[in-house]
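**Student:** Sending over structure34.tsv (TSV, C-alpha atoms and all ligand atoms).
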```
chain	number	residue	atom	x	y	z
A	1	MET	CA	0.00	0.00	0.00
A	2	SER	CA	1.20	3.53	-0.70
A	3	ASP	CA	2.02	5.93	2.16
A	4	ALA	CA	-0.70	8.30	0.91
A	5	ALA	CA	-3.34	5.56	1.13
A	6	ARG	CA	-2.19	4.59	4.62
A	7	VAL	CA	-2.39	8.21	5.77
A	8	ARG	CA	-5.94	8.43	4.38
A	9	TRP	CA	-7.03	5.35	6.35
A	10	ASP	CA	-5.26	6.63	9.50
A	11	ARG	CA	-7.09	9.97	9.24
A	12	ARG	CA	-10.42	8.25	8.82
A	13	HIS	CA	-9.89	5.84	11.72
A	14	ALA	CA	-8.32	8.44	14.04
A	15	ALA	CA	-11.62	10.33	14.14
A	16	VAL	CA	-13.23	7.42	16.01
A	17	VAL	CA	-12.76	6.89	19.74
A	18	ASP	CA	-14.96	3.85	20.22
A	19	VAL	CA	-16.40	1.11	18.06
A	20	ALA	CA	-19.49	-0.97	18.55
A	21	ALA	CA	-19.22	-4.74	18.51
A	22	MET	CA	-21.08	-5.88	15.40
A	23	PRO	CA	-21.58	-9.12	13.49
A	24	PRO	CA	-20.21	-9.38	9.96
A	25	ASP	CA	-22.86	-8.14	7.50
A	26	ALA	CA	-22.92	-11.47	5.64
A	27	LEU	CA	-23.73	-13.32	8.87
A	28	ARG	CA	-26.69	-11.18	9.97
A	29	GLY	CA	-29.67	-13.48	10.34
A	30	ARG	CA	-27.36	-16.47	9.86
A	31	GLU	CA	-25.58	-16.32	13.21
A	32	ALA	CA	-26.47	-19.99	13.79
A	33	LEU	CA	-23.79	-20.88	11.20
A	34	LEU	CA	-21.11	-19.64	13.57
A	35	PRO	CA	-19.06	-22.41	15.23
A	36	ALA	CA	-19.18	-22.48	19.01
A	37	GLY	CA	-15.92	-20.63	19.64
A	38	GLY	CA	-12.36	-21.33	18.58
A	39	ARG	CA	-9.91	-19.19	16.61
A	40	ALA	CA	-10.98	-16.38	14.29
A	41	LEU	CA	-9.18	-14.10	11.85
A	42	ASP	CA	-10.52	-10.63	10.98
A	43	VAL	CA	-8.81	-9.47	7.77
A	44	ALA	CA	-8.58	-5.67	7.29
A	45	CYS	CA	-10.36	-5.27	10.62
A	46	GLY	CA	-10.59	-1.46	10.54
A	47	ARG	CA	-11.93	-0.22	13.86
A	48	GLY	CA	-12.42	-3.76	15.10
A	49	GLY	CA	-16.20	-3.96	15.46
A	50	VAL	CA	-16.33	-7.46	13.99
A	51	SER	CA	-13.31	-8.56	16.05
A	52	ARG	CA	-15.04	-7.44	19.23
A	53	TRP	CA	-18.22	-9.25	18.26
A	54	LEU	CA	-16.28	-12.46	17.59
A	55	ALA	CA	-14.48	-12.11	20.93
A	56	GLY	CA	-17.87	-11.70	22.60
A	57	HIS	CA	-18.93	-14.98	20.98
A	58	GLY	CA	-16.10	-16.99	22.49
A	59	PHE	CA	-13.42	-16.64	19.82
A	60	THR	CA	-9.75	-15.85	20.23
A	61	VAL	CA	-9.24	-13.35	17.44
A	62	ASP	CA	-6.32	-12.29	15.28
A	63	ALA	CA	-7.16	-8.94	13.69
A	64	VAL	CA	-5.04	-7.44	10.88
A	65	ASP	CA	-5.00	-3.95	9.40
A	66	VAL	CA	-2.48	-1.56	7.88
A	67	SER	CA	-3.82	1.45	9.79
A	68	GLY	CA	-2.17	2.05	13.15
A	69	ALA	CA	-4.86	4.58	14.01
A	70	GLY	CA	-7.61	2.05	13.25
A	71	LEU	CA	-5.94	-0.56	15.42
A	72	ALA	CA	-5.42	1.91	18.25
A	73	ALA	CA	-9.12	2.82	18.25
A	74	ALA	CA	-10.01	-0.86	18.06
A	75	ALA	CA	-7.65	-1.99	20.81
A	76	ALA	CA	-8.83	0.71	23.20
A	77	ALA	CA	-12.29	-0.85	23.11
A	78	ALA	CA	-11.41	-4.55	23.18
A	79	GLY	CA	-10.27	-7.02	25.79
A	80	ASP	CA	-7.51	-9.61	25.78
A	81	ALA	CA	-9.26	-11.98	23.39
A	82	VAL	CA	-8.09	-9.97	20.36
A	83	ARG	CA	-4.51	-9.79	19.13
A	84	TRP	CA	-3.94	-6.83	16.79
A	85	TRP	CA	-1.54	-7.13	13.87
A	86	HIS	CA	-0.27	-3.97	12.18
A	87	HIS	CA	0.46	-5.32	8.72
A	88	ASP	CA	0.19	-4.49	5.02
A	89	LEU	CA	-1.93	-7.21	3.39
A	90	ASP	CA	-0.31	-6.42	0.03
A	91	LEU	CA	2.40	-8.68	1.47
A	92	GLY	CA	-0.08	-11.49	2.18
A	93	LEU	CA	-1.27	-12.59	5.60
A	94	PRO	CA	1.18	-12.09	8.49
A	95	PRO	CA	3.21	-15.29	8.99
A	96	ASP	CA	1.66	-15.71	12.47
A	97	CYS	CA	-1.86	-15.56	10.98
A	98	ALA	CA	-1.69	-18.51	8.60
A	99	GLY	CA	-4.26	-20.50	10.60
A	100	PRO	CA	-5.89	-22.86	11.03
A	101	TYR	CA	-8.95	-20.74	11.93
A	102	ASP	CA	-12.50	-21.78	12.69
A	103	VAL	CA	-13.75	-18.49	11.22
A	104	VAL	CA	-12.13	-16.10	8.71
A	105	VAL	CA	-13.89	-12.77	8.15
A	106	CYS	CA	-12.92	-10.36	5.38
A	107	GLN	CA	-15.40	-7.51	5.16
A	108	ARG	CA	-15.27	-4.55	2.78
A	109	PHE	CA	-11.71	-5.25	1.72
A	110	ARG	CA	-11.00	-6.82	-1.67
A	111	ASP	CA	-7.73	-8.33	-2.77
A	112	PRO	CA	-8.19	-11.34	-5.07
A	113	ALA	CA	-4.49	-12.16	-4.65
A	114	LEU	CA	-5.29	-12.90	-1.01
A	115	TYR	CA	-8.16	-15.33	-1.70
A	116	PRO	CA	-5.99	-18.49	-1.76
A	117	ALA	CA	-4.45	-17.53	1.60
A	118	LEU	CA	-7.91	-16.93	3.13
A	119	ARG	CA	-8.99	-20.35	1.90
A	120	SER	CA	-5.80	-22.01	3.22
A	121	ALA	CA	-6.18	-20.35	6.62
A	122	LEU	CA	-9.45	-22.23	7.25
A	123	ALA	CA	-9.46	-25.29	9.46
A	124	PRO	CA	-11.44	-28.25	8.13
A	125	GLY	CA	-15.07	-27.29	8.76
A	126	GLY	CA	-14.01	-23.64	9.16
A	127	LEU	CA	-16.25	-20.80	7.99
A	128	LEU	CA	-15.29	-18.03	5.54
A	129	VAL	CA	-17.41	-14.86	5.73
A	130	ILE	CA	-16.51	-12.35	3.02
A	131	THR	CA	-18.07	-9.16	1.66
A	132	VAL	CA	-16.61	-7.06	-1.16
A	133	LEU	CA	-17.75	-4.23	-3.39
A	134	SER	CA	-19.19	-5.59	-6.63
A	135	GLU	CA	-19.83	-4.31	-10.13
A	136	VAL	CA	-23.28	-5.92	-10.03
A	137	GLY	CA	-25.78	-3.09	-9.73
A	138	GLU	CA	-22.99	-0.51	-9.91
A	139	GLU	CA	-20.55	0.98	-12.40
A	140	PRO	CA	-17.37	-1.07	-12.92
A	141	GLY	CA	-14.43	0.16	-10.86
A	142	ARG	CA	-11.00	-1.07	-9.87
A	143	PHE	CA	-12.07	-1.81	-6.30
A	144	ARG	CA	-15.16	-3.78	-7.38
A	145	ALA	CA	-15.44	-7.52	-8.02
A	146	PRO	CA	-16.78	-8.62	-11.40
A	147	ALA	CA	-19.97	-10.73	-11.26
A	148	GLY	CA	-19.43	-14.17	-9.77
A	149	GLU	CA	-15.91	-13.54	-8.46
A	150	LEU	CA	-16.53	-14.94	-4.97
A	151	PRO	CA	-18.21	-18.27	-5.87
A	152	ALA	CA	-15.54	-18.83	-8.54
A	153	ALA	CA	-12.68	-18.05	-6.16
A	154	PHE	CA	-14.06	-20.26	-3.39
A	155	ALA	CA	-15.55	-23.00	-5.54
A	156	ASP	CA	-14.19	-25.77	-3.34
A	157	LEU	CA	-16.01	-24.48	-0.26
A	158	GLU	CA	-19.51	-25.58	0.63
A	159	VAL	CA	-21.37	-22.34	-0.17
A	160	LEU	CA	-23.93	-21.71	2.57
A	161	ALA	CA	-24.96	-18.24	1.37
A	162	HIS	CA	-24.13	-16.03	-1.59
A	163	THR	CA	-25.67	-12.68	-2.49
A	164	GLU	CA	-24.68	-10.20	-5.16
A	165	GLY	CA	-26.36	-6.91	-6.08
A	166	ASP	CA	-26.60	-3.22	-5.24
A	167	GLY	CA	-22.84	-2.94	-5.60
A	168	GLU	CA	-21.96	-5.59	-3.02
A	169	ALA	CA	-21.17	-9.31	-3.06
A	170	SER	CA	-20.93	-11.60	-0.08
A	171	LEU	CA	-20.34	-15.26	0.51
A	172	VAL	CA	-20.47	-17.55	3.51
A	173	GLY	CA	-18.70	-20.83	2.85
A	174	ARG	CA	-17.47	-23.77	4.85
A	175	ARG	CA	-14.30	-25.72	4.20
A	176	ARG	CA	-15.23	-29.32	3.70
A	177	SER	CA	-13.87	-31.77	6.25
A	178	PRO	CA	-11.60	-34.42	4.69
A	179	ASP	CA	-14.04	-37.16	5.66
A	180	ALA	CA	-17.17	-35.29	4.42
A	201	LIG	C1	-13.72	-0.27	4.34
A	201	LIG	S1	-12.62	-0.63	5.68
A	201	LIG	C2	-13.35	-2.12	6.31
A	201	LIG	C3	-13.03	-2.32	7.76
A	201	LIG	C4	-13.76	-3.49	8.43
A	201	LIG	N1	-13.42	-4.76	7.78
A	201	LIG	C5	-15.24	-3.25	8.45
A	201	LIG	O1	-15.97	-3.96	7.78
A	201	LIG	O2	-15.67	-2.35	9.16
A	201	LIG	C6	-11.20	-1.24	4.83
A	201	LIG	C7	-10.02	-1.50	5.75
A	201	LIG	O3	-8.97	-2.07	4.99
A	201	LIG	C8	-7.74	-1.59	5.51
A	201	LIG	N2	-6.75	-1.78	4.44
A	201	LIG	C9	-6.74	-1.24	3.19
A	201	LIG	N3	-5.68	-1.67	2.51
A	201	LIG	C10	-4.97	-2.50	3.35
A	201	LIG	C11	-3.77	-3.24	3.21
A	201	LIG	N4	-3.05	-3.22	2.09
A	201	LIG	N5	-3.36	-3.97	4.27
A	201	LIG	C12	-4.07	-4.01	5.43
A	201	LIG	N6	-5.21	-3.33	5.61
A	201	LIG	C13	-5.66	-2.57	4.58
A	201	LIG	C14	-8.02	-0.13	5.86
A	201	LIG	O4	-7.11	0.37	6.82
A	201	LIG	C15	-9.44	-0.24	6.40
A	201	LIG	O5	-9.44	-0.40	7.80
```
Please lay out the structure from this file as structure tokens.
Ligand SMILES: C[S@@+](CC[C@H](N)C(=O)[O-])C[C@H]1O[C@@H](n2cnc3c(N)ncnc32)[C@H](O)[C@@H]1O
**Tutor:**
Amino acid sequence: MSDAARVRWDRRHAAVVDVAAMPPDALRGREALLPAGGRALDVACGRGGVSRWLAGHGFTVDAVDVSGAGLAAAAAAAGDAVRWWHHDLDLGLPPDCAGPYDVVVCQRFRDPALYPALRSALAPGGLLVITVLSEVGEEPGRFRAPAGELPAAFADLEVLAHTEGDGEASLVGRRRSPDA
């Protein structure tokens, strides 16, 4: 990521002193899909609302973001169940965040080069919850996924939910267990 982009994210996150714990958008109404605790990874966690929600649901969370200001705001509001990783995801996942995870959340951050690592970070039976901007229902743009990107990228997962429209795409998928 460029320094200018990092400064932009820092400015945006620095304006926030507290964050609410909130479920990932793609899991709203589908909370029953969540495993009963374990390890979770929140990719590009921003102000950490999803990380806090996962921690409140019994998960030990690794949360990664490039913005020190975002992580500072997030950490101020969270307990010990979240470890915060200041890291540029252009370099891939941090080496200490390779998994295996029972839940991997990636919300409103799109980097197709990272998709194989997200998939590999899942434990057998682990849940991927991902939401990206989409070209479906919107003008094409470099930050937006073309139609069908998520189900194609995660074709080997058991897709439990997939929606695409109004400029957003999301997928909830489970890594198949070897004996399934
Ligand atoms: C739209 S916010 C989403 C935050 C959070 N996932 C949510 O749903 O509230 C995008 C986040 O991606 C982070 N980000 C952007 N590029 C990144 C990169 N190369 N490495 C790590 N984090 C990055 C930004 O700092 C920002 O917190």
**Student:** List every protein, DNA or RNA residue that has at least one atom no more than 12 Å from (-12.1, -16.1, 11.8) in the file's coordinates, counting all atoms listed in the file, and write the result as a PyMOL selection string.
**Tutor:** chain A and resi 23-24+34-45+50-55+57-64+82+97-107+118-119+121-123+125-130+172+174
**Student:** Ranking A:Arg175, A:Arg144, A:Arg11, A:Arg6 by minimum distance to ligand LIG 201 (chain A) and counting only C-alpha atoms and all ligand atoms, which one comes first?
**Tutor:**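 Closest residue, counting only C-alpha atoms and all ligand atoms: A:Arg6.
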**Student:** Give me, as JSON lines, the closest atom pair and its distance (Å, one decimal) for every residue of chain A within a cut-off of 6 Å of ligand LIG 201 (chain A), counting all atoms listed in the file, rows sorted by chain and rising number.
**Tutor:**
```
{"residue": "A:Met1", "atom": "CA", "partner": "A:LIG201", "partner_atom": "N4", "distance": 4.9}
{"residue": "A:Trp9", "atom": "CA", "partner": "A:LIG201", "partner_atom": "O4", "distance": 5.0}
{"residue": "A:Ala44", "atom": "CA", "partner": "A:LIG201", "partner_atom": "O3", "distance": 4.3}
{"residue": "A:Cys45", "atom": "CA", "partner": "A:LIG201", "partner_atom": "N1", "distance": 4.2}
{"residue": "A:Gly46", "atom": "CA", "partner": "A:LIG201", "partner_atom": "O5", "distance": 3.2}
{"residue": "A:Asp65", "atom": "CA", "partner": "A:LIG201", "partner_atom": "N6", "distance": 3.8}
{"residue": "A:Val66", "atom": "CA", "partner": "A:LIG201", "partner_atom": "C12", "distance": 3.8}
{"residue": "A:Ser67", "atom": "CA", "partner": "A:LIG201", "partner_atom": "O4", "distance": 4.6}
{"residue": "A:His87", "atom": "CA", "partner": "A:LIG201", "partner_atom": "C12", "distance": 5.7}
{"residue": "A:Asp88", "atom": "CA", "partner": "A:LIG201", "partner_atom": "N5", "distance": 3.7}
{"residue": "A:Leu89", "atom": "CA", "partner": "A:LIG201", "partner_atom": "N5", "distance": 3.6}
{"residue": "A:Asp90", "atom": "CA", "partner": "A:LIG201", "partner_atom": "N4", "distance": 4.7}
{"residue": "A:Gln107", "atom": "CA", "partner": "A:LIG201", "partner_atom": "N1", "distance": 4.3}
{"residue": "A:Arg108", "atom": "CA", "partner": "A:LIG201", "partner_atom": "C2", "distance": 4.7}
{"residue": "A:Phe109", "atom": "CA", "partner": "A:LIG201", "partner_atom": "C6", "distance": 5.1}
```
**Student:** Could you jot down the CA of Arg110 (chain A) to CA of Ala73 (chain A) separation for me, Å, one decimal place?
**Tutor:**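 That distance, rounded to one decimal, is 22.2 Å.
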**Student:** Interatomic distance between CA of Ala155 (chain A) and CA of Ser170 (chain A)?
**Tutor:**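 So the two atoms, CA of Ala155 (chain A) and CA of Ser170 (chain A), lie 13.7 Å apart.
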**Student:** List the neighbours of Gly167 (chain A) out to 8 Å using all atoms listed in the file; skip same-chain residues closer than 2 positions along the sequence, and give me the result as a ChimeraX atom specification.
**Tutor:** /A:133-138,144,164-165,169
**Student:** Would you work out the distance separating CA of Gly29 (chain A) from CA of Asp166 (chain A), expressed in Å to one decimal?
**Tutor:**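 We find that CA of Gly29 (chain A) and CA of Asp166 (chain A) lie 18.9 Å from each other.
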**Student:** Rank A:Gly173, A:Pro95, A:Pro178, A:Gly48 by their smallest atom-to-atom distance to Leu27 (chain A), using all atoms listed in the file, and report the top residue only.
**Tutor:**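 Between A:Gly173, A:Pro95, A:Pro178, A:Gly48, the residue approaching Leu27 (chain A) most closely is A:Gly173.
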**Student:** Quick one: of A:Gly56, A:Gly141, A:Pro146, A:Pro116, who's nearest to Ala78 (chain A), counting only C-alpha atoms?
**Tutor:**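 Ranking A:Gly56, A:Gly141, A:Pro146, A:Pro116 by distance to Ala78 (chain A), first place goes to A:Gly56.
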**Student:** Once N, CA and C atoms are restored for region 148-159 of chain A, what would the output be as a PDB file, in the frame of the given file?
**Tutor:**
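Generated output (result-v1.pdb):
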```pdb
ATOM      1  N   GLY A 148     -19.780 -12.764  -9.988  1.00  0.00           N
ATOM      2  CA  GLY A 148     -19.430 -14.170  -9.770  1.00  0.00           C
ATOM      3  C   GLY A 148     -18.027 -14.410  -9.248  1.00  0.00           C
ATOM      4  N   GLU A 149     -17.314 -13.348  -8.897  1.00  0.00           N
ATOM      5  CA  GLU A 149     -15.910 -13.540  -8.460  1.00  0.00           C
ATOM      6  C   GLU A 149     -15.817 -14.441  -7.224  1.00  0.00           C
ATOM      7  N   LEU A 150     -16.679 -14.206  -6.241  1.00  0.00           N
ATOM      8  CA  LEU A 150     -16.530 -14.940  -4.970  1.00  0.00           C
ATOM      9  C   LEU A 150     -16.827 -16.435  -5.123  1.00  0.00           C
ATOM     10  N   PRO A 151     -17.987 -16.824  -5.732  1.00  0.00           N
ATOM     11  CA  PRO A 151     -18.210 -18.270  -5.870  1.00  0.00           C
ATOM     12  C   PRO A 151     -17.158 -18.948  -6.730  1.00  0.00           C
ATOM     13  N   ALA A 152     -16.600 -18.225  -7.710  1.00  0.00           N
ATOM     14  CA  ALA A 152     -15.540 -18.830  -8.540  1.00  0.00           C
ATOM     15  C   ALA A 152     -14.266 -19.004  -7.718  1.00  0.00           C
ATOM     16  N   ALA A 153     -13.928 -17.993  -6.924  1.00  0.00           N
ATOM     17  CA  ALA A 153     -12.680 -18.050  -6.160  1.00  0.00           C
ATOM     18  C   ALA A 153     -12.740 -19.112  -5.056  1.00  0.00           C
ATOM     19  N   PHE A 154     -13.937 -19.341  -4.533  1.00  0.00           N
ATOM     20  CA  PHE A 154     -14.060 -20.260  -3.390  1.00  0.00           C
ATOM     21  C   PHE A 154     -14.924 -21.469  -3.760  1.00  0.00           C
ATOM     22  N   ALA A 155     -14.712 -21.926  -4.994  1.00  0.00           N
ATOM     23  CA  ALA A 155     -15.550 -23.000  -5.540  1.00  0.00           C
ATOM     24  C   ALA A 155     -15.438 -24.293  -4.743  1.00  0.00           C
ATOM     25  N   ASP A 156     -14.326 -24.502  -4.058  1.00  0.00           N
ATOM     26  CA  ASP A 156     -14.190 -25.770  -3.340  1.00  0.00           C
ATOM     27  C   ASP A 156     -14.793 -25.716  -1.938  1.00  0.00           C
ATOM     28  N   LEU A 157     -15.310 -24.547  -1.546  1.00  0.00           N
ATOM     29  CA  LEU A 157     -16.010 -24.480  -0.260  1.00  0.00           C
ATOM     30  C   LEU A 157     -17.464 -24.913  -0.440  1.00  0.00           C
ATOM     31  N   GLU A 158     -18.059 -25.348   0.636  1.00  0.00           N
ATOM     32  CA  GLU A 158     -19.510 -25.580   0.630  1.00  0.00           C
ATOM     33  C   GLU A 158     -20.165 -24.212   0.818  1.00  0.00           C
ATOM     34  N   VAL A 159     -20.806 -23.701  -0.234  1.00  0.00           N
ATOM     35  CA  VAL A 159     -21.370 -22.340  -0.170  1.00  0.00           C
ATOM     36  C   VAL A 159     -22.697 -22.393   0.596  1.00  0.00           C
TER      37      VAL A 159
END
```
